[in-house]
Amino acid sequence: NMNFRFGIWFAVPLILFWETPEVTSSWWYMGVVGSSRVMCDNVPGLVSRQRQLCQRHPEAMRSIGLGVAEWTAECQHQFRQHRWNCNTLHWDRSLFGRVLLRSSRESAFVYAISSAGVVFAITRACSQGELKSCSCDPKKKGSAKDNKGHFDWGGCSDNVDYGVKFARAFVDAKERKGKDARALMNLHNNRAGRKAVKRFLKQECKCHGVSGSCTLRTCWLAMADFRKTGDYLWRKYNGAIQVVMNQDGTGFTVANKKFKKPTKNDLVYFESSPDYCIRDRDVGSLGTAGRVCNQTSHGMDSCEVMCCGRGYDTSRISRMTKCECKFHWCCAVRCQDCLEVVDVHTCKAPKSAGWIART
Ligand SMILES: *[C@@H]1O[C@H](CO)[C@@H](O)[C@H](O)[C@H]1NC(C)=O
């Protein structure tokens, strides 16, 4: 029964989004209805090529739906101490951070991480046998050799090539080909994101042979935790390169000749970022009013930087924590519940009336 199956597929992301209200991607609610045609016609923000892929691979859409929550959480983790903390994404009812209207560094990061997220989600779904169109990597068969000797490829190697192919077809379909600067930037960052996932494939092995002597090994390739990709893209975000489109509209040149030319792994952007201090939908900024800041830090999360010099409010809250923990032989730790009183600092809102009018 198709209706039932779709119900199950889409119940999972629904639950996920329920638990993380910041990522209300309401387009998934559409999925609860009948056929894949109906479903795909109701996912907002898909271009026609993406609708075709959706109809051909409805089960892949479910994997991508789970991925949205994962890469949004990863983005929010990486930016947790920054004024822009990735929360603007929930304004966007389509799949990928369209809401960051400027072609800024943050935008470059969002495109890269969401494209990486699709690779990751599709590849994992392949290995778990959830997609009809792919399975474990068929090329990883037979025997091979490394510095520890011979081994057999066995088990299920993650089919990241399929994930990359699918992500390229699906995510890049959104961009107009041709002399469109923004499309060129997005395509570049999408590719950097796809390549990032491939960096963190690791060989995992299991030893056989006499009492684990490891004379016989079976190995497979597995993707590392998505955090690795997130950390890597975060470093690329910090080293992102500002570019301008070249004369014939086919590529970039670096904006400031003192900096190196971007490689395929680098993130590129055109416009400098807004300061994200005040709420401004036009640039994808929520502002920092009400954000928690750290009074003792000297970094981006310090009250001075986070609150943009507007000052902050301090409130005293009490919360329960585990304390006076004792180790009991053997092997348990027993703790008491203690009431802890802490000061929480939150940024003041700007005073100008212009801000009120804009919200
Ligand atoms: C605040 O910043 C200090 C210094 O960087 C750090 O040691 C501390 O853990 C931070 N506190 C919180 C609550 O993040």
# chains A, B, ... in the order shown; residues from 1 in each chain; ligands from 1
>>> residues_near_ligand(ligand="ligand 1", cutoff="6 Å", atoms="only C-alpha atoms and all ligand atoms", output="list in words")
Asn294, Thr296 and Ser297 of chain A
>>> write_last_selection(atoms="all heavy atoms", output="mmCIF file, in the first residue's frame")
data_model
loop_
_atom_site.group_PDB
_atom_site.id
_atom_site.type_symbol
_atom_site.label_atom_id
_atom_site.label_comp_id
_atom_site.auth_asym_id
_atom_site.auth_seq_id
_atom_site.Cartn_x
_atom_site.Cartn_y
_atom_site.Cartn_z
ATOM 1 N N ASN A 294 29.284 35.366 26.245
ATOM 2 C CA ASN A 294 30.203 34.900 27.285
ATOM 3 C C ASN A 294 30.999 36.089 27.835
ATOM 4 O O ASN A 294 31.797 36.690 27.122
ATOM 5 C CB ASN A 294 31.128 33.842 26.681
ATOM 6 C CG ASN A 294 32.046 33.231 27.707
ATOM 7 O OD1 ASN A 294 32.377 33.849 28.722
ATOM 8 N ND2 ASN A 294 32.460 31.996 27.454
ATOM 9 N N THR A 296 33.408 36.287 29.958
ATOM 10 C CA THR A 296 34.846 36.172 30.187
ATOM 11 C C THR A 296 35.629 35.869 28.908
ATOM 12 O O THR A 296 36.847 35.887 28.910
ATOM 13 C CB THR A 296 35.149 35.061 31.220
ATOM 14 O OG1 THR A 296 34.518 33.868 30.773
ATOM 15 C CG2 THR A 296 34.635 35.442 32.587
ATOM 16 N N SER A 297 34.948 35.603 27.838
ATOM 17 C CA SER A 297 35.636 35.266 26.588
ATOM 18 C C SER A 297 36.165 36.532 25.914
ATOM 19 O O SER A 297 35.655 37.638 26.136
ATOM 20 C CB SER A 297 34.662 34.538 25.668
ATOM 21 O OG SER A 297 35.077 34.636 24.332
#
>>> residues_around(residues="stretch 158-175 of chain A", least_positions_apart="3", cutoff="9 Å", atoms="only C-alpha atoms", output="VMD selection string")
chain A and resid 46 to 50 53 to 54 96 114 to 124 126 to 127 134 to 139 180 182 to 184 186 to 187 190 to 191 194 to 195 197 to 198 201 220 to 223
>>> select_by_dssp(residues="stretch 172-272 of chain A", states="strand (DSSP E or B)", output="JSON, numbers by chain")
{"A": [201, 202, 203, 204, 205, 206, 207, 208, 216, 217, 218, 219, 220, 221, 222, 223, 241, 242, 243, 244, 245, 252, 253, 254, 268, 269]}
>>> residues_around(residues="stretch 76-79 of chain A", least_positions_apart="5", cutoff="10 Å", atoms="only C-alpha atoms", output="list in words")
Glu70, Trp71, Trp84, Asn85, Cys86, Asn87, Leu89, Glu106, Arg227, Gly230, Asp231, Leu233, Trp234, Arg235 and Met300 of chain A
>>> select_by_dssp(residues="stretch 80-285 of chain A", states="alpha helix (DSSP H)", output="ChimeraX atom specification")
/A:105-127,160-172,181-199,226-238
>>> write_last_selection(atoms="C-alpha atoms", output="PDB file, in the first residue's frame")
ATOM      1  CA  ARG A 105      31.230  33.801   2.770  1.00  0.00           C
ATOM      2  CA  GLU A 106      28.354  32.404   4.861  1.00  0.00           C
ATOM      3  CA  SER A 107      26.446  31.663   1.722  1.00  0.00           C
ATOM      4  CA  ALA A 108      29.468  29.802   0.343  1.00  0.00           C
ATOM      5  CA  PHE A 109      29.536  27.691   3.499  1.00  0.00           C
ATOM      6  CA  VAL A 110      25.829  26.895   3.358  1.00  0.00           C
ATOM      7  CA  TYR A 111      26.039  25.724  -0.247  1.00  0.00           C
ATOM      8  CA  ALA A 112      29.096  23.605   0.476  1.00  0.00           C
ATOM      9  CA  ILE A 113      27.725  21.959   3.586  1.00  0.00           C
ATOM     10  CA  SER A 114      24.296  21.250   2.142  1.00  0.00           C
ATOM     11  CA  SER A 115      25.818  19.727  -0.954  1.00  0.00           C
ATOM     12  CA  ALA A 116      28.158  17.673   1.255  1.00  0.00           C
ATOM     13  CA  GLY A 117      25.115  16.719   3.288  1.00  0.00           C
ATOM     14  CA  VAL A 118      23.347  15.314   0.245  1.00  0.00           C
ATOM     15  CA  VAL A 119      26.423  13.229  -0.655  1.00  0.00           C
ATOM     16  CA  PHE A 120      26.575  11.932   2.894  1.00  0.00           C
ATOM     17  CA  ALA A 121      22.868  11.163   3.191  1.00  0.00           C
ATOM     18  CA  ILE A 122      22.604   9.417  -0.186  1.00  0.00           C
ATOM     19  CA  THR A 123      25.809   7.421   0.320  1.00  0.00           C
ATOM     20  CA  ARG A 124      24.674   6.229   3.724  1.00  0.00           C
ATOM     21  CA  ALA A 125      21.258   5.292   2.368  1.00  0.00           C
ATOM     22  CA  CYS A 126      22.969   3.251  -0.377  1.00  0.00           C
ATOM     23  CA  SER A 127      24.948   1.267   2.185  1.00  0.00           C
ATOM     24  CA  VAL A 160      30.494   7.719  -2.190  1.00  0.00           C
ATOM     25  CA  ASP A 161      30.858   7.961  -5.974  1.00  0.00           C
ATOM     26  CA  TYR A 162      27.141   7.342  -6.315  1.00  0.00           C
ATOM     27  CA  GLY A 163      26.430   9.894  -3.594  1.00  0.00           C
ATOM     28  CA  VAL A 164      28.564  12.457  -5.403  1.00  0.00           C
ATOM     29  CA  LYS A 165      26.858  11.728  -8.730  1.00  0.00           C
ATOM     30  CA  PHE A 166      23.406  12.039  -7.246  1.00  0.00           C
ATOM     31  CA  ALA A 167      24.260  15.225  -5.360  1.00  0.00           C
ATOM     32  CA  ARG A 168      25.757  16.761  -8.490  1.00  0.00           C
ATOM     33  CA  ALA A 169      22.641  15.993 -10.514  1.00  0.00           C
ATOM     34  CA  PHE A 170      20.200  17.029  -7.827  1.00  0.00           C
ATOM     35  CA  VAL A 171      21.810  20.023  -6.141  1.00  0.00           C
ATOM     36  CA  ASP A 172      23.437  21.577  -9.198  1.00  0.00           C
ATOM     37  CA  ALA A 181      28.056  34.905 -11.605  1.00  0.00           C
ATOM     38  CA  ARG A 182      25.992  33.683  -8.679  1.00  0.00           C
ATOM     39  CA  ALA A 183      25.381  30.319 -10.332  1.00  0.00           C
ATOM     40  CA  LEU A 184      29.096  29.983 -10.982  1.00  0.00           C
ATOM     41  CA  MET A 185      29.840  30.667  -7.333  1.00  0.00           C
ATOM     42  CA  ASN A 186      27.214  28.217  -6.111  1.00  0.00           C
ATOM     43  CA  LEU A 187      28.403  25.475  -8.459  1.00  0.00           C
ATOM     44  CA  HIS A 188      31.984  25.947  -7.304  1.00  0.00           C
ATOM     45  CA  ASN A 189      31.029  25.742  -3.621  1.00  0.00           C
ATOM     46  CA  ASN A 190      28.709  22.792  -4.245  1.00  0.00           C
ATOM     47  CA  ARG A 191      31.604  20.899  -5.777  1.00  0.00           C
ATOM     48  CA  ALA A 192      33.936  21.839  -2.908  1.00  0.00           C
ATOM     49  CA  GLY A 193      31.329  20.406  -0.542  1.00  0.00           C
ATOM     50  CA  ARG A 194      31.035  17.139  -2.471  1.00  0.00           C
ATOM     51  CA  LYS A 195      34.808  16.753  -2.560  1.00  0.00           C
ATOM     52  CA  ALA A 196      35.033  17.387   1.182  1.00  0.00           C
ATOM     53  CA  VAL A 197      33.057  14.238   1.984  1.00  0.00           C
ATOM     54  CA  LYS A 198      35.396  12.150  -0.176  1.00  0.00           C
ATOM     55  CA  ARG A 199      38.390  13.300   1.880  1.00  0.00           C
ATOM     56  CA  PHE A 226      29.855  14.136   9.281  1.00  0.00           C
ATOM     57  CA  ARG A 227      31.512  16.303  11.949  1.00  0.00           C
ATOM     58  CA  LYS A 228      34.844  15.741  10.152  1.00  0.00           C
ATOM     59  CA  THR A 229      33.396  17.238   6.966  1.00  0.00           C
ATOM     60  CA  GLY A 230      31.874  20.049   9.026  1.00  0.00           C
ATOM     61  CA  ASP A 231      35.205  20.869  10.694  1.00  0.00           C
ATOM     62  CA  TYR A 232      37.005  20.796   7.354  1.00  0.00           C
ATOM     63  CA  LEU A 233      34.477  23.070   5.645  1.00  0.00           C
ATOM     64  CA  TRP A 234      34.668  25.383   8.652  1.00  0.00           C
ATOM     65  CA  ARG A 235      38.398  25.786   8.045  1.00  0.00           C
ATOM     66  CA  LYS A 236      37.649  26.390   4.378  1.00  0.00           C
ATOM     67  CA  TYR A 237      35.064  28.999   5.395  1.00  0.00           C
ATOM     68  CA  ASN A 238      37.703  30.834   7.395  1.00  0.00           C
TER      69      ASN A 238
END
>>> residues_around(residues="A:Leu131", least_positions_apart="6", cutoff="8 Å", atoms="only C-alpha atoms", output="number ranges by chain")
A: 57, 59-60, 125
>>> residues_around(residues="A:Tyr276", least_positions_apart="6", cutoff="12 Å", atoms="only C-alpha atoms", output="list of chain:residue names")
A:His82, A:Arg83, A:Trp84, A:Asn85, A:Cys86, A:Asn87, A:Thr88, A:Leu100, A:Ser104, A:Glu106, A:Asp282, A:Val283, A:Gly284, A:Ser285, A:Leu286, A:Gly287, A:Thr288, A:Ala289, A:Val305, A:Met306, A:Cys307, A:Cys308
>>> atom_distance(atom1="atom CA of A:Val268", atom2="atom CA of A:Arg176")
17.8 Å
>>> atom_distance(atom1="atom CA of A:Lys264", atom2="atom CA of A:Asp146")
28.3 Å
